[in-house]
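Visitor: Got a structure for you, questions after.
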Amino acid sequence: MFQCNFNPTKYGKPLVSTAVGRNGMVSTGHSLATSAGIDILRKGGNAIDAGVAAGICINIVQHDLTSFAGVAPIIIYLADNNKVVSFDGLGRWPRRASVDYFLEYRNGKFEPGIDYCIVPAAVDSWITSLEKYGTMTFEAIVSYALKYARDGFPITYFMNMMIEEDFENFKKWSTNAQIFSPKGRPLKPGELLIQKDLANTLEKMILIEKFSKKSREERLRAVRDYFYKGDISDQMVRFSDNMGGLFTKEDFTNFKIKEEKPYKVEFQGLTIYGCGPWCQGPVFLQAISMLKNFNLYDMGHNSSEYLHTLISVLDLAFADRETYYGDPDFVDVPIDELLSDLYNKKRVDVIESSRAFGKMPQPGNTRLSRGNNNPSKYFFIDDLDKNIEPELDTSYVCVIDENGNIFSATPSDASTKSPIIPGLGLSISSRGRQSRIDHNHPNKIEPLKRPRLTPSPALVLKNNKPLFAIGTPGADVQPQAMLQVFLNMVVFHMDPQQAVESPRVATYNFPGSFYPNKYYPGTVKVETRIPANVRQDLCNRGHNVVDWGEWNWKSGGVCVSFFDYDSNVFLGGADPRRSSCALGF
């Protein structure tokens, strides 16, 4: 049905053994979250139960990279009715937010604090997916996260590195500093990270569920409402007021995540699903659609011709992202056209096999560019900056259960970008810094609008049957790392772990998603396990190649949960570049 053969003589033996299971697979950005998901599966929970448990656990054990009050876009395959759904898991700007506010009162800038915070969506995303498609209680699901928040957990070498690299930001607010540097220095590997206030918040939410005598679904809605309509939101609004923020109580009480039909493309008999243009998910899908027009296998894995083609295709997709993407509730996004085979067949005509673009290419010709609303006005080159430092946030969770249900989620929002609220232990979603302070941009700030999000989970079906889930942290690198791992598995038949460990490249030939939207014309970062002659040939084609070292955590932390129909087992891949972990049972 789908060939995925491990061949160590052809591509090199992976550092980490591929995870194997008979009854399910969980792969996440942290071993404790993966263990929580596996335990839920062992107790009879489905993929949604396990995914939510692992996701909330990630919010605790990777609070440096994610937040329980952050974002959590989710995409789910439901085996019983052969249906794919997605939750945006993305908050909205307060009603008082606007481009003019930031131009007049903040000098046209985003500064660390509360101003660029949006309504937290992760809680709604976790609980609503559990209510609608899970089977277990909030208490059962959150018990793992509660234990690690209350009793602490030993931090990893990766978390220690994150804290040390971003220590100045952690020290900006006393609450953040007390948690991540209780002795006045960054916590060291093996030392306990304890979050008492966050534990108390989770315990209060559990009590709301316990006191309710209604159905499981109604009890879950009561827990959700306590967060958005009760004491927790009251405290967040008061904190915002004290910090000079923009939130009102109405921003919370009227908030609801969106459940929607995801977008899809076809490739070599597979159907790949991703989220809509309120995030960058369609970049991954559009790149796949463009690559249908090339014989990738004959080019050779990670050959200069192959990498040049991938980079060029990604440059075109990012140019369309820059020009067209925004919250479709506010912006007319020609997304069906952008993902169509006809459009993308014409799109690749501008690629030259011997020459890189050198700068971000022009956007494609769509119904919008052919009409009065010419999107070329959005095309710009930001200040040139050679200091390429992607944002330090985001994780990933994916699960496949024995019935074929798939859960794929990308939680995010680092505690270095906004203050942790005393008494709650929560840092409010700082995702507003992915909007533009620009009246002419489709991703501009508007009241109740969603900023264009980088986190973008995906999943893959074969003949309407579950195959695998895939995702990663990494800001603008996300769709690029996912694309390369996807192709490693589908085109070159690597097993998940082998595909994840294979060396990567990433283009930065477009304005970045995070303020101040840095742009690096023609720049490509390349892990140096890719041979020197290949890197030199990319230079000869006009790419500005920057060596990335042999293994660079900034090239993503891809996780995969996969079902192998040939052997009837589950396989998992987890990126050794970070603290990822895959387990099967």
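To be explicit about the labels: the chains of the structure tokens are called A, B, and onward in the order shown, and within each one the residues are counted from 1, while ligands get numbers from 1 in the order they are shown.
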Give me the residues near A:Ile400 as a list in words, where near means some atom within 8 Å (using only C-alpha atoms) and where sequence neighbours in that chain fewer than 6 positions away do not count.
Guide: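 The neighbour list is Gly24, Met25, Val26, Ala47, Ile406, Phe407, Phe468, Ala469, Ser561, Phe562 and Phe563 of chain A.
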Visitor: Please produce an output containing C-alpha atoms for each residue in the selection, written as a compact mmCIF listing (two decimals), in the first residue's frame.
Guide:
```txt
# COMPACT_ATOMS: atom_id res chain seq x y z
CA GLY A 24 -0.61 3.00 18.75
CA MET A 25 2.09 5.65 18.44
CA VAL A 26 2.78 8.94 20.19
CA ALA A 47 -5.94 9.50 19.89
CA ILE A 406 -5.11 10.72 14.14
CA PHE A 407 -4.38 13.75 16.32
CA PHE A 468 0.75 9.53 9.26
CA ALA A 469 0.73 12.80 11.18
CA SER A 561 3.41 9.05 13.94
CA PHE A 562 2.94 6.53 11.11
CA PHE A 563 1.05 3.32 10.40
```
Visitor: Which polymer residues have any atom within 8 Å of an atom of A:Ser555, counting only C-alpha atoms, with same-chain residues fewer than 3 positions away left out, as a PyMOL selection string?
Guide: chain A and resi 474+477+481+504-506+552
Visitor: Mind giving me the straight-line distance from atom CA of A:Phe227 to atom CA of A:Ser31 in Å, one decimal?
Guide: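 One can read the atom CA of A:Phe227 to atom CA of A:Ser31 distance as 27.8 Å.
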Visitor: Rank A:Tyr565, A:Phe330, A:Trp126, A:Phe239 by their smallest atom-to-atom distance to A:Ser418, using only C-alpha atoms, and report the top residue only.
Guide: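 Nearest candidate to A:Ser418 out of A:Tyr565, A:Phe330, A:Trp126, A:Phe239: A:Phe239.
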Visitor: Which one of A:Gly300, A:Gly108, A:Pro277, A:Gly190 sits closest to A:Tyr324 if you count only C-alpha atoms?
Guide: A:Pro277
Visitor: If we count only C-alpha atoms, what is near stretch 86-91 of chain A at a cut-off of 6 Å, once residues fewer than 3 positions away on the same chain are taken out, given as a list of chain:residue names?
Guide: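 Here the answer would be A:Val71, A:Ala72, A:Pro73, A:Ile74, A:Ile75, A:Ile118, A:Val119, A:Pro120, A:Ala121, A:Ala122, A:Ser125, A:Ile257, A:Lys258, A:Glu259, A:Glu260, A:Pro262.
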Visitor: Mind checking DSSP for stretch 122-191 of chain A and telling me the alpha helix (DSSP H) residues as a PyMOL selection string?
Guide: chain A and resi 122-133+138-151+157-165+167-170+174-180
Visitor: Create the file for the chosen residues now, containing N, CA and C atoms and written as a compact mmCIF listing (two decimals), in the first residue's frame.
Guide:
```
# COMPACT_ATOMS: atom_id res chain seq x y z
N ALA A 122 -5.55 28.15 23.40
CA ALA A 122 -5.18 26.75 23.62
C ALA A 122 -6.16 26.02 24.52
N VAL A 123 -6.61 26.66 25.59
CA VAL A 123 -7.53 26.00 26.52
C VAL A 123 -8.81 25.58 25.80
N ASP A 124 -9.36 26.50 25.01
CA ASP A 124 -10.56 26.19 24.24
C ASP A 124 -10.29 25.07 23.24
N SER A 125 -9.13 25.12 22.61
CA SER A 125 -8.77 24.12 21.60
C SER A 125 -8.65 22.74 22.22
N TRP A 126 -7.93 22.64 23.35
CA TRP A 126 -7.78 21.35 24.02
C TRP A 126 -9.13 20.81 24.48
N ILE A 127 -9.90 21.66 25.18
CA ILE A 127 -11.13 21.18 25.81
C ILE A 127 -12.20 20.88 24.76
N THR A 128 -12.33 21.72 23.74
CA THR A 128 -13.35 21.49 22.73
C THR A 128 -13.08 20.22 21.93
N SER A 129 -11.82 19.97 21.58
CA SER A 129 -11.51 18.74 20.86
C SER A 129 -11.77 17.52 21.74
N LEU A 130 -11.48 17.64 23.03
CA LEU A 130 -11.76 16.56 23.98
C LEU A 130 -13.26 16.34 24.12
N GLU A 131 -14.00 17.44 24.23
CA GLU A 131 -15.46 17.34 24.39
C GLU A 131 -16.11 16.68 23.18
N LYS A 132 -15.71 17.09 21.99
CA LYS A 132 -16.40 16.65 20.78
C LYS A 132 -15.92 15.29 20.28
N TYR A 133 -14.64 15.00 20.46
CA TYR A 133 -14.09 13.81 19.81
C TYR A 133 -13.30 12.89 20.76
N PHE A 138 -11.70 15.79 31.94
CA PHE A 138 -10.61 16.76 32.03
C PHE A 138 -9.62 16.34 33.11
N GLU A 139 -10.14 15.88 34.24
CA GLU A 139 -9.25 15.49 35.34
C GLU A 139 -8.31 14.37 34.92
N ALA A 140 -8.85 13.36 34.24
CA ALA A 140 -8.00 12.24 33.81
C ALA A 140 -6.94 12.71 32.82
N ILE A 141 -7.32 13.60 31.96
CA ILE A 141 -6.40 14.09 30.91
C ILE A 141 -5.31 15.00 31.48
N VAL A 142 -5.70 15.85 32.43
CA VAL A 142 -4.78 16.89 32.90
C VAL A 142 -3.93 16.42 34.09
N SER A 143 -4.15 15.22 34.56
CA SER A 143 -3.46 14.76 35.77
C SER A 143 -1.94 14.74 35.60
N TYR A 144 -1.46 14.42 34.42
CA TYR A 144 -0.01 14.37 34.18
C TYR A 144 0.59 15.78 34.25
N ALA A 145 -0.06 16.72 33.57
CA ALA A 145 0.41 18.10 33.59
C ALA A 145 0.39 18.66 35.01
N LEU A 146 -0.68 18.35 35.75
CA LEU A 146 -0.80 18.83 37.12
C LEU A 146 0.34 18.32 37.99
N LYS A 147 0.66 17.06 37.87
CA LYS A 147 1.74 16.48 38.67
C LYS A 147 3.06 17.20 38.39
N TYR A 148 3.38 17.45 37.12
CA TYR A 148 4.66 18.08 36.78
C TYR A 148 4.68 19.56 37.14
N ALA A 149 3.52 20.21 37.14
CA ALA A 149 3.47 21.60 37.56
C ALA A 149 3.63 21.71 39.07
N ARG A 150 2.95 20.84 39.82
CA ARG A 150 2.95 20.91 41.28
C ARG A 150 4.26 20.40 41.89
N ASP A 151 4.70 19.23 41.42
CA ASP A 151 5.87 18.58 42.02
C ASP A 151 7.17 18.92 41.32
N TYR A 157 18.64 19.11 28.91
CA TYR A 157 19.72 19.94 28.40
C TYR A 157 19.19 20.94 27.38
N PHE A 158 18.18 20.54 26.62
CA PHE A 158 17.62 21.45 25.61
C PHE A 158 16.92 22.63 26.28
N MET A 159 16.13 22.38 27.32
CA MET A 159 15.48 23.49 28.02
C MET A 159 16.52 24.40 28.67
N ASN A 160 17.55 23.81 29.26
CA ASN A 160 18.62 24.62 29.83
C ASN A 160 19.24 25.54 28.78
N MET A 161 19.45 25.02 27.57
CA MET A 161 19.99 25.83 26.50
C MET A 161 19.04 26.95 26.12
N MET A 162 17.74 26.65 26.06
CA MET A 162 16.74 27.67 25.74
C MET A 162 16.74 28.78 26.78
N ILE A 163 16.77 28.40 28.05
CA ILE A 163 16.75 29.40 29.11
C ILE A 163 18.01 30.26 29.05
N GLU A 164 19.15 29.64 28.86
CA GLU A 164 20.40 30.40 28.80
C GLU A 164 20.44 31.34 27.61
N GLU A 165 19.97 30.86 26.46
CA GLU A 165 20.01 31.70 25.26
C GLU A 165 19.07 32.89 25.38
N PHE A 167 17.92 34.24 28.37
CA PHE A 167 17.86 34.55 29.79
C PHE A 167 17.47 36.00 30.06
N GLU A 168 17.92 36.92 29.22
CA GLU A 168 17.59 38.33 29.42
C GLU A 168 16.10 38.56 29.33
N ASN A 169 15.43 37.83 28.45
CA ASN A 169 13.98 37.97 28.34
C ASN A 169 13.27 37.36 29.54
N PHE A 170 13.76 36.22 30.03
CA PHE A 170 13.15 35.62 31.22
C PHE A 170 13.23 36.57 32.41
N SER A 174 9.42 39.54 36.98
CA SER A 174 9.82 38.82 38.19
C SER A 174 9.20 37.44 38.27
N THR A 175 7.94 37.30 37.84
CA THR A 175 7.28 36.00 37.92
C THR A 175 7.98 34.98 37.03
N ASN A 176 8.33 35.39 35.83
CA ASN A 176 9.04 34.50 34.91
C ASN A 176 10.39 34.10 35.50
N ALA A 177 11.09 35.09 36.05
CA ALA A 177 12.42 34.83 36.61
C ALA A 177 12.34 33.87 37.79
N GLN A 178 11.32 34.01 38.64
CA GLN A 178 11.19 33.14 39.80
C GLN A 178 11.02 31.68 39.41
N ILE A 179 10.40 31.45 38.28
CA ILE A 179 10.15 30.07 37.83
C ILE A 179 11.38 29.47 37.15
N PHE A 180 11.97 30.23 36.23
CA PHE A 180 13.03 29.69 35.40
C PHE A 180 14.43 29.96 35.93
```
Visitor: Can you work out the spacing between atom CA of A:Val545 and atom CA of A:Pro531 in Å, to one decimal?
Guide: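 It comes out at 12.7 Å.
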Visitor: Pick from A:Lys256, A:Lys462, A:Arg541, A:Lys518: nearest to A:Asp476, with only C-alpha atoms counted?
Guide: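 Residue with the minimum atom-to-atom distance to A:Asp476: A:Lys518.
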Visitor: Would you please give, as a compact mmCIF listing (two decimals) with C-alpha atoms, in the first residue's frame, all residues of stretch 390-585 of chain A that DSSP assigns to strand (DSSP E) based on the backbone?
Guide:
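Writing the result to part26.txt gives the following:
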```txt
# COMPACT_ATOMS: atom_id res chain seq x y z
CA VAL A 397 2.24 16.50 19.41
CA CYS A 398 0.96 13.67 17.20
CA VAL A 399 -0.88 10.42 17.94
CA ILE A 400 -2.34 7.50 15.97
CA ASP A 401 -4.46 5.00 17.90
CA ILE A 406 -5.11 10.72 14.14
CA PHE A 407 -4.38 13.75 16.32
CA SER A 408 -1.90 16.41 15.16
CA ALA A 409 -1.31 19.66 17.10
CA ILE A 420 3.58 35.17 33.57
CA ILE A 421 0.57 36.34 35.58
CA LEU A 426 -0.03 31.66 32.80
CA SER A 427 1.66 33.69 30.09
CA ALA A 458 -0.69 18.31 9.13
CA LEU A 459 -1.75 14.72 8.50
CA VAL A 460 -1.70 12.32 5.54
CA LEU A 461 -4.18 9.71 4.29
CA LYS A 462 -3.78 6.95 1.70
CA LYS A 465 -7.15 5.47 5.36
CA PRO A 466 -4.83 6.91 8.04
CA LEU A 467 -1.14 6.98 7.17
CA PHE A 468 0.75 9.53 9.26
CA ALA A 469 0.73 12.80 11.18
CA ILE A 470 3.57 15.29 10.85
CA GLY A 471 4.56 18.64 12.35
CA VAL A 505 18.12 23.18 4.29
CA ALA A 506 15.97 26.27 4.84
CA THR A 507 15.44 29.41 2.78
CA THR A 523 19.92 33.27 1.93
CA VAL A 524 19.80 29.51 2.42
CA LYS A 525 20.97 27.72 5.56
CA VAL A 526 22.35 24.24 4.99
CA ASN A 544 23.71 32.68 -0.53
CA VAL A 545 24.63 29.50 1.36
CA VAL A 546 25.24 29.76 5.10
CA ASP A 547 26.57 26.66 6.90
CA CYS A 559 7.83 14.39 14.88
CA VAL A 560 5.95 11.70 12.95
CA SER A 561 3.41 9.05 13.94
CA PHE A 562 2.94 6.53 11.11
CA PHE A 563 1.05 3.32 10.40
CA ASP A 564 2.83 0.77 8.20
CA VAL A 569 2.76 -1.90 12.97
CA PHE A 570 2.97 1.72 14.07
CA LEU A 571 6.24 3.58 13.49
CA GLY A 572 7.38 6.82 15.06
CA GLY A 573 10.02 9.42 14.31
CA ALA A 574 11.32 12.02 16.78
CA CYS A 581 10.50 11.47 21.83
CA ALA A 582 8.43 8.81 20.05
CA LEU A 583 6.96 5.76 21.79
CA GLY A 584 4.69 2.96 20.66
```
Visitor: Let me make sure I understand: among A:Tyr273, A:Ser456, A:Gly12, A:Ser17, which one has the smallest atom-to-atom distance to A:Pro576 if we use only C-alpha atoms?
Guide: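 Ranked by minimum distance to A:Pro576, first place goes to A:Ser17.
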Visitor: Counting only C-alpha atoms, what is within 9 Å of A:Ala222, bar same-chain residues fewer than 4 positions away, as JSON, numbers by chain?
Guide: {"A": [205, 208, 209, 212, 217, 218, 226, 227]}
Visitor: When you count only C-alpha atoms, which of these residues is closest to A:Ile155: A:Leu192, A:Leu103, A:Leu78, A:Ile232?
Guide: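 The shortest atom-to-atom distance to A:Ile155 comes from A:Leu192.
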Visitor: Atom CA of A:Arg450 and atom CA of A:Tyr263, how far apart in Å?
Guide: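 Computed distance, atom CA of A:Tyr263 to atom CA of A:Arg450, equals 18.1 Å.
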Visitor: Identify which of the residues A:Ser215, A:Thr66, A:Gln280, A:Ser304 lies closest to A:Gln434, counting only C-alpha atoms when measuring atom-to-atom distances.
Guide: A:Gln280
Visitor: What lies within 8 Å of A:Ala36 using only C-alpha atoms, ignoring chain neighbours under 6 positions off, as a list in words?
Guide: Ala50, Ala53, Ala54, Cys57 and Tyr144 of chain A
Visitor: For A:Tyr77, list every protein, DNA or RNA residue within 6 Å, evaluated using only C-alpha atoms, and leave out those in the same chain fewer than 6 positions away; present the list as a ChimeraX atom specification.
Guide: /A:83-84,405-406
Visitor: Residues of the last selection are to be written out with N, CA and C atoms, as an mmCIF file, in the first residue's frame.
Guide:
```
data_model
loop_
_atom_site.group_PDB
_atom_site.id
_atom_site.type_symbol
_atom_site.label_atom_id
_atom_site.label_comp_id
_atom_site.auth_asym_id
_atom_site.auth_seq_id
_atom_site.Cartn_x
_atom_site.Cartn_y
_atom_site.Cartn_z
ATOM 1 N N LYS A 83 -13.553 11.278 8.467
ATOM 2 C CA LYS A 83 -13.694 12.735 8.414
ATOM 3 C C LYS A 83 -12.440 13.395 8.967
ATOM 4 N N VAL A 84 -12.023 14.485 8.322
ATOM 5 C CA VAL A 84 -10.901 15.285 8.814
ATOM 6 C C VAL A 84 -11.430 16.658 9.215
ATOM 7 N N ASN A 405 -7.621 6.624 14.398
ATOM 8 C CA ASN A 405 -7.794 8.060 14.636
ATOM 9 C C ASN A 405 -6.428 8.739 14.684
ATOM 10 N N ILE A 406 -6.363 9.956 14.154
ATOM 11 C CA ILE A 406 -5.114 10.719 14.139
ATOM 12 C C ILE A 406 -5.336 12.059 14.827
#
```
